[in-house]
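Participant: Before anything else, here's the structure in question.
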Amino acid sequence: MTHHRSMKPLLDALNDRQEAGSPVQFWLRDDDAIEPTMPLDNLLTLIDRFSIPVTLAVIPARSGEALATRLRKADNIAVAVHGWSHQNHAPATEKKQELGLHRPIEETVAELTRGYADILQRHASQFVPLMVPPWNRIDAAIVDTLHDIGFRGLSTFGDQASMAIPMINTHIDVIDWKGSRGGRTTAELVDELVNLISSTRTPIGVLTHHLVHDKQVWDFLEQLFAATSSHAGAKWVRINDLLP
């Protein structure tokens with residue numbers, strides 16, 4: 001299999017981890033699934049080709065039976081709860097947030113309880129009790145309620161930590177949200193991955209958003225999966241194996 005030259009630094013880093021006998025663990029989270037679409041098909045085809053397990057963060061209030069039916073036909077899928085409706089309740093002066101304290105906490109907890117039940121019912125065999133907050137933001141007071149709802153983990157972005165519930169975060173986002181809102185360059189992403197591989201021993205989460213991927217992102221993912229899926233210095237793990 002031929003690899004892009006741009007993947008060489010990543011392959012070198014994986015070779016080092018292989019020699020050290022400590023393969024890098026990767027996991028894949030894709031946000032905002034609502035219904036069957038062409039981009040979702042693209043993602044499922046790609047992960048199928050390389051046998052990459054994916055955790056789909058599904059928006060309970062905006063998804064339904066059509067998505068559940070489509071996903072049941074697919075392998076390597078775990079379905080997590082992506083807030084309730086992906087609605088912003090913060091004022092314009094603040095960063096967008098659904099799970100903040102901008103309204104009574106009881107309302108938010110009721111929605112998350114319903115979202116948990118909805119996703120569990122619709123995606124029974126693929127359900128995973130993981131909360132993925134919209135925009136990766138959640139107030140600590142709401143984190144404290146997650147365990148009682150039934151959640152066993154929380155996934156945001158970066159190195160945020162919580163005492164209240166185990167966190168399994170993502171670290172690399174393929175989209176340039178602050179700039180072009182298109183795909184970030186392969187060189188940039190590889191650079192970030194190599195830095196993480198050398199500095200961390202925790203599983204590295206790759207965050208994708210199938211509905212907004214451009215060609216650059218699809219190309220990068222294909223190269224990444226090709227480089228890592230059969231490399232002894234890398235292992236793509238299922239979210240179920242990361243949850244306590």
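Going by the structure tokens order, chains are called A, B, ..., each with residues numbered from 1, while ligands are numbered from 1 in the order shown.
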Please identify the strand (DSSP E or B) residues within stretch 10-136 of chain A (assignment by DSSP from backbone atoms) and present them as number ranges by chain.
Facilitator: A: 24-33, 54-58, 77-81, 99, 127-131
Participant: Atoms to include: C-alpha atoms. Write the selected residues as a PDB file, in the first residue's frame.
Facilitator:
```
ATOM      1  CA  VAL A  24      -1.012   4.204  20.130  1.00  0.00           C
ATOM      2  CA  GLN A  25      -4.700   3.802  20.879  1.00  0.00           C
ATOM      3  CA  PHE A  26      -6.992   5.831  18.610  1.00  0.00           C
ATOM      4  CA  TRP A  27     -10.746   6.239  18.778  1.00  0.00           C
ATOM      5  CA  LEU A  28     -13.104   7.954  16.356  1.00  0.00           C
ATOM      6  CA  ARG A  29     -16.068  10.173  17.270  1.00  0.00           C
ATOM      7  CA  ASP A  30     -18.336  11.696  14.650  1.00  0.00           C
ATOM      8  CA  ASP A  31     -20.859  14.347  15.704  1.00  0.00           C
ATOM      9  CA  ASP A  32     -24.346  15.520  14.700  1.00  0.00           C
ATOM     10  CA  ALA A  33     -25.879  12.451  13.070  1.00  0.00           C
ATOM     11  CA  VAL A  54     -16.817   4.793  15.192  1.00  0.00           C
ATOM     12  CA  THR A  55     -18.871   6.425  17.923  1.00  0.00           C
ATOM     13  CA  LEU A  56     -21.674   8.437  16.348  1.00  0.00           C
ATOM     14  CA  ALA A  57     -22.976  11.263  18.549  1.00  0.00           C
ATOM     15  CA  VAL A  58     -26.666  11.350  17.609  1.00  0.00           C
ATOM     16  CA  ILE A  77     -20.968   1.465  15.239  1.00  0.00           C
ATOM     17  CA  ALA A  78     -21.585   2.762  18.747  1.00  0.00           C
ATOM     18  CA  VAL A  79     -24.274   5.399  19.264  1.00  0.00           C
ATOM     19  CA  ALA A  80     -23.781   8.087  21.937  1.00  0.00           C
ATOM     20  CA  VAL A  81     -26.143  10.819  23.126  1.00  0.00           C
ATOM     21  CA  LEU A  99     -25.848  22.259  28.569  1.00  0.00           C
ATOM     22  CA  PHE A 127     -26.176   2.266  22.310  1.00  0.00           C
ATOM     23  CA  VAL A 128     -23.325   3.414  24.539  1.00  0.00           C
ATOM     24  CA  PRO A 129     -24.035   5.404  27.776  1.00  0.00           C
ATOM     25  CA  LEU A 130     -21.763   8.287  26.769  1.00  0.00           C
ATOM     26  CA  MET A 131     -22.773  11.956  26.878  1.00  0.00           C
TER      27      MET A 131
END
```
Participant: Based on the backbone DSSP call, show me all residues of stretch 55-224 of chain A assigned helix (DSSP H, G or I), as a VMD selection string.
Facilitator: chain A and resid 60 to 62 65 to 72 105 to 122 134 to 136 140 to 149 186 to 199 210 to 212 215 to 224
Participant: To one decimal in Å, tell me the separation between atom CA of A:His147 and atom CA of A:Gln126.
Facilitator: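 Distance reported for this atom pair: 19.6 Å.
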Participant: So which residues touch A:Thr69 within 10 Å, counting only C-alpha atoms, skipping near sequence neighbours fewer than 3 positions away, as a PyMOL selection string?
Facilitator: chain A and resi 35-36+64-66+72-74+122-123
Participant: Please list as a short mmCIF file (atom, residue, chain, number, x, y, z; two decimals) with C-alpha atoms, in the first residue's frame every residue within 12 Å of A:Thr108, counting only C-alpha atoms and excluding residues in the same chain fewer than 5 positions away.
Facilitator:
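Saved as part-v1.cif:
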```
data_model
loop_
_atom_site.label_atom_id
_atom_site.label_comp_id
_atom_site.auth_asym_id
_atom_site.auth_seq_id
_atom_site.Cartn_x
_atom_site.Cartn_y
_atom_site.Cartn_z
CA GLY A 83 -27.19 16.54 24.13
CA TRP A 84 -30.90 16.84 23.38
CA SER A 85 -31.64 19.13 20.42
CA HIS A 86 -28.27 20.85 19.82
CA GLN A 87 -29.94 24.15 20.65
CA ASN A 88 -28.02 27.10 22.01
CA HIS A 89 -29.37 28.58 25.26
CA GLN A 97 -23.94 26.07 24.85
CA GLU A 98 -26.91 23.77 25.25
CA LEU A 99 -25.85 22.26 28.57
CA GLY A 100 -25.15 25.36 30.62
CA LEU A 101 -26.98 27.00 33.51
CA HIS A 102 -28.83 29.49 31.31
CA ARG A 103 -32.19 27.97 32.30
CA THR A 113 -33.00 11.87 30.68
CA ARG A 114 -35.39 11.74 27.75
CA GLY A 115 -32.51 11.82 25.25
CA PRO A 133 -22.24 17.75 24.81
CA ILE A 138 -21.16 21.36 29.65
CA ASP A 139 -21.47 23.02 33.05
CA ALA A 141 -23.34 21.18 37.82
CA ILE A 142 -24.84 19.24 34.91
CA VAL A 143 -21.87 16.87 34.78
CA THR A 145 -26.22 14.76 37.27
CA LEU A 146 -25.03 12.49 34.44
CA ILE A 149 -29.34 9.58 34.53
#
```
Participant: Just the residues within 10 Å of A:Val194, please, counting only C-alpha atoms, with nothing from its chain fewer than 2 positions along; format it as a PDB file with N, CA and C atoms, in the first residue's frame.
Facilitator:
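The resulting file, result.pdb, is shown below:
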```
ATOM      1  N   PRO A   9       5.777  11.506   8.734  1.00  0.00           N
ATOM      2  CA  PRO A   9       6.046  11.777  10.157  1.00  0.00           C
ATOM      3  C   PRO A   9       5.158  10.931  11.080  1.00  0.00           C
ATOM      4  N   LEU A  10       3.916  10.694  10.665  1.00  0.00           N
ATOM      5  CA  LEU A  10       3.006   9.878  11.464  1.00  0.00           C
ATOM      6  C   LEU A  10       3.495   8.429  11.499  1.00  0.00           C
ATOM      7  N   LEU A  11       3.869   7.917  10.343  1.00  0.00           N
ATOM      8  CA  LEU A  11       4.366   6.532  10.273  1.00  0.00           C
ATOM      9  C   LEU A  11       5.636   6.362  11.107  1.00  0.00           C
ATOM     10  N   ASP A  12       6.506   7.374  11.073  1.00  0.00           N
ATOM     11  CA  ASP A  12       7.726   7.320  11.900  1.00  0.00           C
ATOM     12  C   ASP A  12       7.370   7.236  13.377  1.00  0.00           C
ATOM     13  N   ALA A  13       6.394   8.052  13.789  1.00  0.00           N
ATOM     14  CA  ALA A  13       5.976   8.069  15.195  1.00  0.00           C
ATOM     15  C   ALA A  13       5.367   6.724  15.589  1.00  0.00           C
ATOM     16  N   LEU A  14       4.595   6.136  14.674  1.00  0.00           N
ATOM     17  CA  LEU A  14       3.986   4.830  14.952  1.00  0.00           C
ATOM     18  C   LEU A  14       5.052   3.732  15.019  1.00  0.00           C
ATOM     19  N   LEU A 189      -2.690  18.505  10.552  1.00  0.00           N
ATOM     20  CA  LEU A 189      -3.283  17.425  11.335  1.00  0.00           C
ATOM     21  C   LEU A 189      -2.244  16.365  11.715  1.00  0.00           C
ATOM     22  N   VAL A 190      -1.374  16.048  10.766  1.00  0.00           N
ATOM     23  CA  VAL A 190      -0.323  15.065  11.039  1.00  0.00           C
ATOM     24  C   VAL A 190       0.618  15.587  12.126  1.00  0.00           C
ATOM     25  N   ASP A 191       0.950  16.874  12.015  1.00  0.00           N
ATOM     26  CA  ASP A 191       1.795  17.532  12.997  1.00  0.00           C
ATOM     27  C   ASP A 191       1.203  17.394  14.400  1.00  0.00           C
ATOM     28  N   GLU A 192      -0.095  17.674  14.499  1.00  0.00           N
ATOM     29  CA  GLU A 192      -0.787  17.589  15.789  1.00  0.00           C
ATOM     30  C   GLU A 192      -0.800  16.153  16.318  1.00  0.00           C
ATOM     31  N   LEU A 196       0.881  14.642  19.808  1.00  0.00           N
ATOM     32  CA  LEU A 196       0.100  13.898  20.796  1.00  0.00           C
ATOM     33  C   LEU A 196       0.709  12.523  21.060  1.00  0.00           C
ATOM     34  N   ILE A 197       1.135  11.871  19.987  1.00  0.00           N
ATOM     35  CA  ILE A 197       1.696  10.522  20.124  1.00  0.00           C
ATOM     36  C   ILE A 197       2.944  10.544  21.001  1.00  0.00           C
ATOM     37  N   SER A 198       3.732  11.618  20.872  1.00  0.00           N
ATOM     38  CA  SER A 198       4.969  11.663  21.646  1.00  0.00           C
ATOM     39  C   SER A 198       4.729  12.149  23.077  1.00  0.00           C
ATOM     40  N   SER A 199       3.597  12.817  23.320  1.00  0.00           N
ATOM     41  CA  SER A 199       3.419  13.431  24.641  1.00  0.00           C
ATOM     42  C   SER A 199       2.380  12.745  25.522  1.00  0.00           C
TER      43      SER A 199
END
```
Participant: Identify which of the residues A:Ser162, A:Leu193, A:Asn42, A:Glu19 lies closest to A:His231, counting only C-alpha atoms when measuring atom-to-atom distances.
Facilitator: A:Glu19
Participant: So what do you get for atom CA of A:Asp148 versus atom CA of A:Val109, distance-wise?
Facilitator: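 These two atoms are separated by 10.0 Å.
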Participant: Residues at most 7 Å from stretch 214-224 of chain A, counting only C-alpha atoms, excluding those fewer than 4 positions away in the same chain, as a list in words?
Facilitator: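 So, after excluding close chain neighbours, the residues are Val174, Gly182, Gly183, Thr186 and Thr228 of chain A.
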